[in-house]
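Q: Data: protein22.csv, CSV, C-alpha atoms.
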chain,number,residue,atom,x,y,z
A,7,MET,CA,7.4,-9.6,-18.2
A,8,ASP,CA,7.2,-5.9,-17.4
A,9,PHE,CA,6.0,-5.9,-13.8
A,10,ILE,CA,4.2,-2.6,-14.2
A,11,ILE,CA,2.4,-3.7,-17.4
A,12,SER,CA,1.3,-7.0,-15.8
A,13,SER,CA,0.0,-5.1,-12.8
A,14,ILE,CA,-1.9,-2.6,-14.9
A,15,VAL,CA,-3.5,-5.4,-17.0
A,16,SER,CA,-4.5,-7.3,-13.8
A,17,GLY,CA,-5.8,-4.2,-12.3
A,18,ILE,CA,-8.0,-3.3,-15.3
A,19,ILE,CA,-9.4,-6.8,-15.3
A,20,TRP,CA,-10.0,-6.7,-11.6
A,21,ASP,CA,-11.8,-3.4,-11.9
A,22,VAL,CA,-14.1,-4.7,-14.6
A,23,ILE,CA,-14.9,-7.8,-12.5
A,24,LYS,CA,-15.6,-5.7,-9.3
A,25,GLY,CA,-17.6,-3.1,-11.1
A,26,ALA,CA,-19.7,-5.6,-13.1
A,27,MET,CA,-20.5,-2.8,-15.5
A,28,MET,CA,-18.4,-3.7,-18.5
A,29,GLN,CA,-17.7,-6.9,-20.4
A,30,LEU,CA,-14.3,-8.5,-20.5
A,31,THR,CA,-13.5,-7.7,-24.1
A,32,THR,CA,-10.1,-6.9,-25.6
A,33,LYS,CA,-11.3,-3.4,-26.4
A,34,ASN,CA,-12.5,-2.7,-22.8
A,35,VAL,CA,-9.4,-4.2,-21.2
A,36,PHE,CA,-6.6,-3.4,-23.7
A,37,GLY,CA,-7.8,-0.2,-25.4
A,38,GLY,CA,-5.2,1.9,-23.6
A,39,PHE,CA,-2.3,0.0,-25.2
A,40,LYS,CA,-0.7,0.5,-28.6
A,41,ASN,CA,-2.7,-1.4,-31.2
A,42,GLU,CA,0.3,-3.1,-32.8
A,43,THR,CA,1.3,-4.7,-29.5
A,44,ILE,CA,-2.1,-6.4,-28.9
A,45,ASN,CA,-2.2,-10.1,-29.7
A,46,GLU,CA,-6.0,-10.5,-30.1
A,47,LYS,CA,-5.9,-14.4,-30.1
A,48,GLU,CA,-3.9,-14.9,-26.9
A,49,LEU,CA,-5.4,-12.0,-25.0
A,50,SER,CA,-9.0,-13.0,-26.0
A,51,GLU,CA,-8.2,-16.5,-24.6
A,52,LEU,CA,-6.9,-15.0,-21.4
A,53,LEU,CA,-10.1,-13.0,-20.9
A,54,THR,CA,-12.2,-16.1,-21.7
A,55,THR,CA,-10.3,-18.1,-19.1
A,56,ILE,CA,-10.8,-15.4,-16.5
A,57,GLU,CA,-14.5,-15.1,-17.5
A,58,ASN,CA,-14.9,-18.9,-17.0
A,59,LYS,CA,-13.4,-18.6,-13.5
A,60,ARG,CA,-15.1,-15.3,-12.6
A,61,GLU,CA,-17.2,-16.6,-9.8
A,62,ARG,CA,-14.1,-17.9,-8.0
A,63,ILE,CA,-12.1,-14.7,-8.4
A,64,SER,CA,-12.1,-12.8,-5.1
A,65,SER,CA,-8.9,-10.7,-5.3
A,66,LEU,CA,-6.4,-9.0,-7.6
A,67,SER,CA,-4.0,-11.8,-6.7
A,68,ASP,CA,-6.4,-14.3,-8.2
A,69,VAL,CA,-6.4,-12.4,-11.5
A,70,LYS,CA,-2.5,-12.2,-11.5
A,71,GLU,CA,-2.4,-16.0,-10.9
A,72,ILE,CA,-4.4,-16.6,-14.1
A,73,VAL,CA,-2.3,-14.1,-16.1
A,74,PHE,CA,0.8,-16.0,-15.2
A,75,SER,CA,-0.7,-19.5,-15.5
A,76,LYS,CA,0.2,-20.0,-19.2
A,77,PRO,CA,3.4,-19.1,-21.1
A,78,GLU,CA,1.2,-17.8,-24.0
A,79,PHE,CA,-0.6,-15.4,-21.6
A,80,VAL,CA,2.7,-14.2,-20.2
A,81,GLU,CA,4.2,-13.6,-23.7
A,82,ALA,CA,1.1,-11.7,-24.9
A,83,VAL,CA,0.9,-9.4,-21.9
A,84,SER,CA,4.7,-8.8,-21.9
A,85,LYS,CA,4.4,-7.4,-25.4
A,86,LEU,CA,1.9,-4.8,-24.5
A,87,GLU,CA,3.0,-1.2,-24.6
A,88,CYS,CA,1.2,1.8,-23.1
A,89,LYS,CA,0.8,4.7,-25.5
A,90,THR,CA,3.0,7.0,-23.4
A,91,GLY,CA,5.3,6.4,-20.4
A,92,PHE,CA,3.2,8.8,-18.3
A,93,SER,CA,0.0,6.8,-19.0
A,94,LYS,CA,1.8,3.6,-18.0
A,95,ARG,CA,3.0,4.9,-14.7
A,96,LEU,CA,-0.2,6.8,-13.8
A,97,ASN,CA,-2.3,3.7,-14.4
A,98,TYR,CA,0.1,1.5,-12.4
A,99,VAL,CA,-0.3,3.9,-9.4
A,100,LEU,CA,-4.1,3.8,-9.8
A,101,THR,CA,-4.0,0.0,-9.9
A,102,GLN,CA,-2.2,-0.1,-6.5
A,103,ILE,CA,-4.3,2.6,-4.8
A,104,ASN,CA,-7.6,1.0,-5.9
A,105,GLU,CA,-6.7,-2.7,-5.2
A,106,TYR,CA,-8.7,-2.8,-2.0
A,107,VAL,CA,-11.2,0.0,-2.7
A,108,GLU,CA,-14.8,-0.4,-3.5
A,109,PRO,CA,-15.7,0.8,-7.1
A,110,LYS,CA,-17.6,3.9,-6.0
A,111,LYS,CA,-14.7,5.1,-3.8
A,112,ARG,CA,-11.9,4.3,-6.2
A,113,LEU,CA,-9.5,7.0,-7.4
A,114,ASN,CA,-9.9,7.7,-11.1
A,115,VAL,CA,-8.7,10.3,-13.6
A,116,GLU,CA,-11.8,12.4,-13.1
A,117,LYS,CA,-11.0,12.7,-9.3
A,118,ILE,CA,-7.4,13.4,-10.0
A,119,ALA,CA,-8.4,16.3,-12.4
A,120,LYS,CA,-10.6,17.8,-9.7
A,121,LEU,CA,-7.9,17.4,-6.9
A,122,VAL,CA,-5.2,19.2,-9.0
A,123,GLY,CA,-7.6,22.0,-9.8
A,124,MET,CA,-8.4,21.3,-13.5
A,125,ASP,CA,-11.6,22.8,-14.8
A,126,SER,CA,-12.4,19.7,-17.0
A,127,SER,CA,-11.4,16.0,-16.7
A,128,LYS,CA,-11.2,15.6,-20.5
A,129,GLU,CA,-7.6,16.7,-20.6
A,130,MET,CA,-6.6,14.3,-17.8
A,131,ILE,CA,-8.4,11.5,-19.5
A,132,ASP,CA,-6.3,12.1,-22.6
A,133,TYR,CA,-3.1,11.9,-20.5
A,134,ALA,CA,-4.2,8.7,-18.8
A,135,GLU,CA,-5.1,7.1,-22.1
A,136,GLY,CA,-1.8,8.1,-23.7
A,137,ASN,CA,-3.3,10.5,-26.2
A,138,ALA,CA,-1.3,13.5,-24.9
A,139,ILE,CA,1.6,14.2,-22.5
A,140,PRO,CA,1.1,16.5,-19.5
A,141,SER,CA,3.4,19.4,-18.5
A,142,PHE,CA,6.0,19.0,-15.9
A,143,GLU,CA,4.1,21.3,-13.7
A,144,LEU,CA,1.0,19.1,-13.8
A,145,GLU,CA,3.1,16.0,-13.2
A,146,ASN,CA,4.5,17.7,-10.1
A,147,LYS,CA,1.0,18.4,-8.8
A,148,ILE,CA,-0.1,14.8,-9.3
A,149,ALA,CA,3.1,13.4,-7.7
A,150,GLU,CA,2.7,15.7,-4.6
A,151,MET,CA,-1.0,14.8,-4.2
A,152,LEU,CA,-0.4,11.1,-4.4
A,153,GLY,CA,2.9,11.0,-2.4
A,154,ILE,CA,4.9,9.5,-5.3
A,155,SER,CA,8.3,10.5,-6.6
A,156,VAL,CA,8.3,13.2,-9.3
A,157,GLU,CA,11.3,11.6,-10.9
A,158,TRP,CA,9.6,8.2,-11.1
A,159,LEU,CA,6.3,9.7,-12.5
A,160,GLN,CA,8.2,11.7,-15.2
A,161,TYR,CA,10.9,9.3,-16.2
A,162,GLU,CA,10.5,6.0,-14.1
A,163,ASN,CA,13.8,6.9,-12.4
A,164,GLY,CA,14.4,5.9,-8.8
A,165,THR,CA,11.7,4.6,-6.4
A,166,ILE,CA,8.0,5.0,-6.9
A,167,SER,CA,7.7,6.6,-3.4
A,168,ASP,CA,10.6,8.4,-1.6
A,169,VAL,CA,11.1,6.9,1.9
A,170,ILE,CA,11.4,9.6,4.6
A,171,LYS,CA,14.9,8.9,5.9
A,172,ILE,CA,15.6,9.0,9.6
A,173,SER,CA,17.7,6.8,12.0
A,174,LYS,CA,16.3,3.3,11.5
A,175,PHE,CA,15.8,2.6,15.2
A,176,ASN,CA,15.4,6.1,16.7
A,177,ALA,CA,11.9,6.7,17.9
A,178,SER,CA,12.4,10.4,18.7
A,179,ASP,CA,13.2,11.1,15.1
A,180,VAL,CA,9.7,9.9,14.1
A,181,GLU,CA,8.1,12.5,16.4
A,182,VAL,CA,10.4,15.2,15.0
A,183,LYS,CA,9.2,14.3,11.5
A,184,ALA,CA,5.6,14.2,12.7
A,185,ASP,CA,6.0,17.8,14.1
A,186,GLU,CA,7.5,18.9,10.8
A,187,LEU,CA,5.2,17.2,8.2
A,188,LEU,CA,1.9,17.1,10.3
A,189,PRO,CA,0.4,13.9,8.9
A,190,SER,CA,-3.3,13.4,9.3
A,191,SER,CA,-2.8,9.8,10.5
A,192,ILE,CA,0.1,7.6,11.5
A,193,GLU,CA,-0.3,3.9,10.5
A,194,LEU,CA,1.6,0.9,11.9
A,195,VAL,CA,2.4,-2.0,9.6
A,196,TYR,CA,3.6,-5.3,10.9
A,197,ASN,CA,5.8,-7.6,8.9
A,198,ILE,CA,4.6,-10.9,10.3
A,199,ALA,CA,7.5,-12.8,8.8
A,200,ALA,CA,10.4,-10.8,10.4
A,201,LYS,CA,8.2,-9.5,13.3
A,202,ASP,CA,9.1,-5.8,12.7
A,203,VAL,CA,6.8,-2.9,12.9
A,204,PHE,CA,7.0,0.0,10.4
A,205,VAL,CA,5.6,3.5,10.5
A,206,VAL,CA,3.7,5.1,7.7
A,207,PHE,CA,2.5,8.7,7.6
A,208,GLY,CA,-0.9,9.3,6.0
A,209,PHE,CA,-1.7,12.8,4.5
A,210,ASN,CA,-5.0,12.2,2.6
A,211,GLU,CA,-7.0,9.3,1.4
A,212,TYR,CA,-4.4,8.4,-1.2
A,213,LYS,CA,-1.1,9.9,-0.1
A,214,TYR,CA,1.0,7.8,2.3
A,215,ARG,CA,4.8,7.9,3.0
A,216,LEU,CA,7.0,5.3,4.7
A,217,ILE,CA,9.4,6.3,7.5
A,218,SER,CA,12.7,4.5,7.5
A,219,TYR,CA,12.1,3.3,11.1
A,220,ARG,CA,11.3,-0.1,12.4
A,221,VAL,CA,10.7,-1.8,15.7
A,222,PRO,CA,11.6,-5.5,16.5
A,223,PHE,CA,8.3,-6.6,18.0
A,224,ARG,CA,9.2,-10.1,19.1
A,225,THR,CA,10.6,-12.1,22.0
A,226,GLU,CA,14.0,-13.0,20.4
A,227,ILE,CA,15.8,-9.7,21.0
A,228,GLY,CA,18.7,-8.4,23.1
A,229,ALA,CA,19.0,-5.4,25.4
A,230,SER,CA,19.0,-2.9,22.5
A,231,GLY,CA,15.8,-4.4,21.0
A,232,GLN,CA,14.1,-4.3,24.4
A,233,SER,CA,15.0,-0.6,24.7
A,234,GLN,CA,13.5,0.0,21.3
A,235,ILE,CA,10.2,-1.5,22.3
A,236,VAL,CA,10.0,0.7,25.3
A,237,GLU,CA,10.8,3.7,23.2
A,238,PHE,CA,8.2,2.6,20.7
A,239,TYR,CA,5.6,2.6,23.5
A,240,ASN,CA,6.6,6.1,24.6
A,241,LEU,CA,6.5,7.3,21.0
A,242,ILE,CA,2.9,6.2,20.5
A,243,SER,CA,2.0,7.8,23.8
A,244,ASP,CA,3.6,11.1,22.9
A,245,LEU,CA,2.2,11.2,19.4
A,246,ASN,CA,-1.3,10.6,20.6
A,247,LYS,CA,-0.9,13.3,23.3
A,248,ASN,CA,0.8,15.9,21.1
A,249,HIS,CA,-1.1,15.2,17.8
A,250,LYS,CA,-4.6,14.5,19.1
A,251,LYS,CA,-4.6,10.7,18.9
A,252,VAL,CA,-3.2,10.7,15.3
A,253,VAL,CA,-2.0,7.1,15.6
A,254,ASN,CA,-4.4,4.6,14.0
A,255,ASP,CA,-5.6,2.0,16.4
A,256,THR,CA,-5.3,-0.7,13.8
A,257,LEU,CA,-2.2,-2.7,13.0
A,258,PHE,CA,-1.9,-3.6,9.3
A,259,ILE,CA,-0.2,-7.0,8.6
A,260,VAL,CA,2.0,-7.8,5.6
A,261,ASP,CA,4.4,-10.7,5.0
A,262,TYR,CA,7.3,-8.7,3.5
A,263,ASP,CA,9.8,-6.0,4.3
A,264,LEU,CA,7.9,-2.9,3.6
A,265,GLU,CA,10.9,-0.6,3.2
A,266,TYR,CA,12.6,-3.0,0.7
A,267,ALA,CA,9.3,-3.4,-1.2
A,268,VAL,CA,8.9,0.4,-1.6
A,269,GLU,CA,12.5,1.0,-2.5
A,270,HIS,CA,13.1,-2.0,-4.8
A,271,GLU,CA,9.7,-3.6,-5.9
A,272,GLY,CA,7.6,-0.6,-6.8
A,273,ILE,CA,5.1,-1.0,-3.9
A,274,LEU,CA,3.2,2.0,-2.6
A,275,PRO,CA,3.0,2.4,1.2
A,276,SER,CA,-0.7,2.9,0.8
A,277,LYS,CA,-1.1,-0.7,-0.4
A,278,ALA,CA,0.0,-2.0,3.0
A,279,VAL,CA,-2.7,0.0,4.9
A,280,LYS,CA,-5.7,-0.8,2.7
A,281,ASN,CA,-6.1,-4.5,2.8
A,282,PRO,CA,-9.2,-5.1,4.9
A,283,LYS,CA,-8.4,-8.7,5.6
A,284,ASN,CA,-5.0,-8.4,7.0
A,285,ARG,CA,-5.2,-6.2,10.1
A,286,TRP,CA,-5.5,-6.3,13.9
A,287,TYR,CA,-8.2,-3.9,15.2
A,288,ASN,CA,-7.6,-2.2,18.6
A,289,PHE,CA,-4.0,-3.2,18.6
A,290,VAL,CA,-2.7,0.2,19.8
A,291,ASP,CA,-5.3,0.6,22.5
A,292,ASP,CA,-4.6,-2.9,23.7
A,293,PHE,CA,-0.8,-2.5,23.6
A,294,MET,CA,-1.0,0.8,25.6
A,295,TYR,CA,-3.3,-0.8,28.2
A,296,LEU,CA,-0.7,-1.9,30.8
A,297,SER,CA,-2.9,-2.3,33.8
A,298,CYS,CA,-4.7,-5.3,32.5
A,299,SER,CA,-5.8,-8.3,34.5
A,300,GLU,CA,-4.3,-11.7,34.1
A,301,GLU,CA,-7.5,-12.8,32.3
A,302,ARG,CA,-7.1,-10.0,29.8
A,303,ARG,CA,-3.5,-10.8,29.4
A,304,GLU,CA,-4.4,-14.3,28.4
A,305,LEU,CA,-6.9,-13.0,25.9
A,306,PHE,CA,-4.2,-10.9,24.4
A,307,ARG,CA,-2.0,-13.9,24.2
A,308,ASN,CA,-4.7,-15.9,22.4
A,309,TYR,CA,-5.4,-13.1,19.9
A,310,TYR,CA,-2.0,-11.5,19.2
A,311,GLY,CA,0.4,-14.2,20.4
A,312,ASP,CA,3.3,-14.5,22.8
A,313,ASP,CA,5.3,-11.7,21.2
A,314,PHE,CA,2.6,-9.1,22.0
A,315,VAL,CA,2.4,-10.3,25.7
A,316,PHE,CA,6.2,-10.3,26.0
A,317,CYS,CA,6.5,-6.7,24.6
A,318,GLN,CA,3.7,-5.5,26.8
A,319,ASP,CA,5.2,-7.1,29.9
A,320,LEU,CA,8.6,-5.6,29.0
A,321,VAL,CA,7.1,-2.1,28.8
A,322,ARG,CA,5.1,-2.6,32.0
A,323,SER,CA,8.3,-3.7,33.9
A,324,ARG,CA,10.4,-0.8,32.6
A,325,THR,CA,7.8,1.9,33.1
A,326,SER,CA,6.8,0.8,36.6
A,327,SER,CA,10.3,0.6,37.9
Take the structure I supplied and represent it as structure tokens, if you would.
A:
Amino acid sequence: MDFIISSIVSGIIWDVIKGAMMQLTTKNVFGGFKNETINEKELSELLTTIENKRERISSLSDVKEIVFSKPEFVEAVSKLECKTGFSKRLNYVLTQINEYVEPKKRLNVEKIAKLVGMDSSKEMIDYAEGNAIPSFELENKIAEMLGISVEWLQYENGTISDVIKISKFNASDVEVKADELLPSSIELVYNIAAKDVFVVFGFNEYKYRLISYRVPFRTEIGASGQSQIVEFYNLISDLNKNHKKVVNDTLFIVDYDLEYAVEHEGILPSKAVKNPKNRWYNFVDDFMYLSCSEERRELFRNYYGDDFVFCQDLVRSRTSS
């Protein structure tokens, strides 16, 4: 199945469920696809199945699970085609950006039209619905605003979002890029499976870009890894000092390699920093607080785990010597 198409379909259905404003009909959900690719029987059954389970659906993942639950649903969705390549890619981006956003705050084509300086949203709606094809100049504006690759938006070539390349373990390069690009926020993302921390630059509510830098935030590391943790601590301190506390205090948690997901699986960096359920609040302030009592140290251990306490103890021993 086309991953982008299945994500768009799931996203549209999820939007309808969250908004509670429209019915789950084939017209409302599949109206943006080519008529000849719509299998009314199977897709209607899919929507009926989702409607029957509506009360138990609490996330986009729940919708995707139903979409993939029967071979007939998979086949029907896999045959869908957007009217234009641009409409397909734009709607896929909107699906990712809006996954964890309340309906009234979601990014839509009307907002995009306004943000790129268009006098009317009608033209942008035509592009999103596949009734017209935008100019390269407009595609460039949209890509820049959303932090996605122009090549990907225009032709689906390369990765959806270009990773900002620096030395993978060099903290000083992150600060150099921050001085150069001036992000409005710096987000930290923790891969809980591999226990690595990634850095994401935020530029507006929708535009985020991943830095090719990671920190091994765990106990099982050698001398090089220990030095990287200390450099990471100093990086946060310097960024907050030189960029007016631009580092977000929250640590966002994922269970995958974010850099690989962006470069090979079509994941936007913004997706990793929007999930309200998977995050540790106050992480940065707590990590930077080295002069804590033994009682607070145990509180950190109970909340964050042994890796956090190990890394903080390591920084404390290195910076006090």
Q: For a quick check of understanding, using all atoms listed in the file, which of A:Val221, A:Asp255, A:Ser93, A:Met151 has the smallest distance to Ile118 (chain A)?
A: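 That would be A:Met151, the residue with the smallest distance to Ile118 (chain A).
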Q: Within 12 Å of Ser297 (chain A), counting all atoms listed in the file, which residues show up once you throw out same-chain ones fewer than 2 positions away? Write them as a compact mmCIF listing (two decimals) with C-alpha atoms, keeping the file's coordinate frame, please.
A:
# COMPACT_ATOMS: atom_id res chain seq x y z
CA ASP A 291 -5.30 0.60 22.50
CA ASP A 292 -4.60 -2.90 23.70
CA PHE A 293 -0.80 -2.50 23.60
CA MET A 294 -1.00 0.80 25.60
CA TYR A 295 -3.30 -0.80 28.20
CA SER A 299 -5.80 -8.30 34.50
CA GLU A 300 -4.30 -11.70 34.10
CA GLU A 301 -7.50 -12.80 32.30
CA ARG A 302 -7.10 -10.00 29.80
CA ARG A 303 -3.50 -10.80 29.40
CA GLN A 318 3.70 -5.50 26.80
CA ASP A 319 5.20 -7.10 29.90
CA VAL A 321 7.10 -2.10 28.80
CA ARG A 322 5.10 -2.60 32.00
CA SER A 323 8.30 -3.70 33.90
CA THR A 325 7.80 1.90 33.10
CA SER A 326 6.80 0.80 36.60
Q: Do you have the CA of Asn176 (chain A)-CA of Glu237 (chain A) distance handy?
A: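 Computing the Euclidean distance for CA of Asn176 (chain A) and CA of Glu237 (chain A) yields 8.3 Å.
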Q: Give as a count of residues only every residue, naming chains and numbers as the document does, that has an atom within 12 Å of (-11.0, -1.0, 4.2), counting all atoms listed in the file.
A: 22
Q: Check the smallest atom-to-atom distance from each of A:Glu157, A:Glu186, A:Asp261, A:Asp132 to Val115 (chain A) using all atoms listed in the file, then report the winner.
A: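 Of A:Glu157, A:Glu186, A:Asp261, A:Asp132, the one nearest Val115 (chain A), counting all atoms listed in the file, is A:Asp132.
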Q: Grab the CA of Tyr196 (chain A) to CA of Phe289 (chain A) distance for me, in Å with one decimal place.
A: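 So the answer is 11.0 Å.
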Q: Report as a list in words all protein, DNA and RNA residues lying within 9 Å of Leu264 (chain A), evaluated on all atoms listed in the file, omitting residues in the same chain fewer than 4 positions from it.
A: Val195, Tyr196, Asn197, Phe204, Leu216, Val260, Val268, Glu269, Ile273, Pro275 and Ala278 of chain A
Q: Any chance you could export the current selection's C-alpha atoms as a tab-separated table (two decimals), in the coordinates of the input?
A:
chain	number	residue	atom	x	y	z
A	195	VAL	CA	2.40	-2.00	9.60
A	196	TYR	CA	3.60	-5.30	10.90
A	197	ASN	CA	5.80	-7.60	8.90
A	204	PHE	CA	7.00	0.00	10.40
A	216	LEU	CA	7.00	5.30	4.70
A	260	VAL	CA	2.00	-7.80	5.60
A	268	VAL	CA	8.90	0.40	-1.60
A	269	GLU	CA	12.50	1.00	-2.50
A	273	ILE	CA	5.10	-1.00	-3.90
A	275	PRO	CA	3.00	2.40	1.20
A	278	ALA	CA	0.00	-2.00	3.00
Q: Tell me which of A:Lys94, A:Lys40, A:Lys201, A:Lys247 sits closest to Glu226 (chain A), counting only C-alpha atoms.
A: A:Lys201
Q: CA of Ile198 (chain A) to CA of Cys317 (chain A): how many Å, to one decimal?
A: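 CA of Cys317 (chain A) lies 15.0 Å from CA of Ile198 (chain A).
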Q: In terms of the shortest atom-to-atom distance over all atoms listed in the file, which of A:Ile192, A:Asp185, A:Phe316, A:Thr90 is closest to Glu304 (chain A)?
A: A:Phe316
Q: Ranking A:Glu48, A:Asp263, A:Glu57, A:Glu42 by minimum distance to Gln29 (chain A) and counting all atoms listed in the file, which one comes first?
A: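 Residue with the minimum atom-to-atom distance to Gln29 (chain A): A:Glu57.
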Q: Between A:Leu305, A:Ile154, A:Leu296, A:Val203, which residue has the minimum interatomic distance to Val99 (chain A), considering all atoms listed in the file?
A: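 The answer is A:Ile154, which sits nearest to Val99 (chain A).
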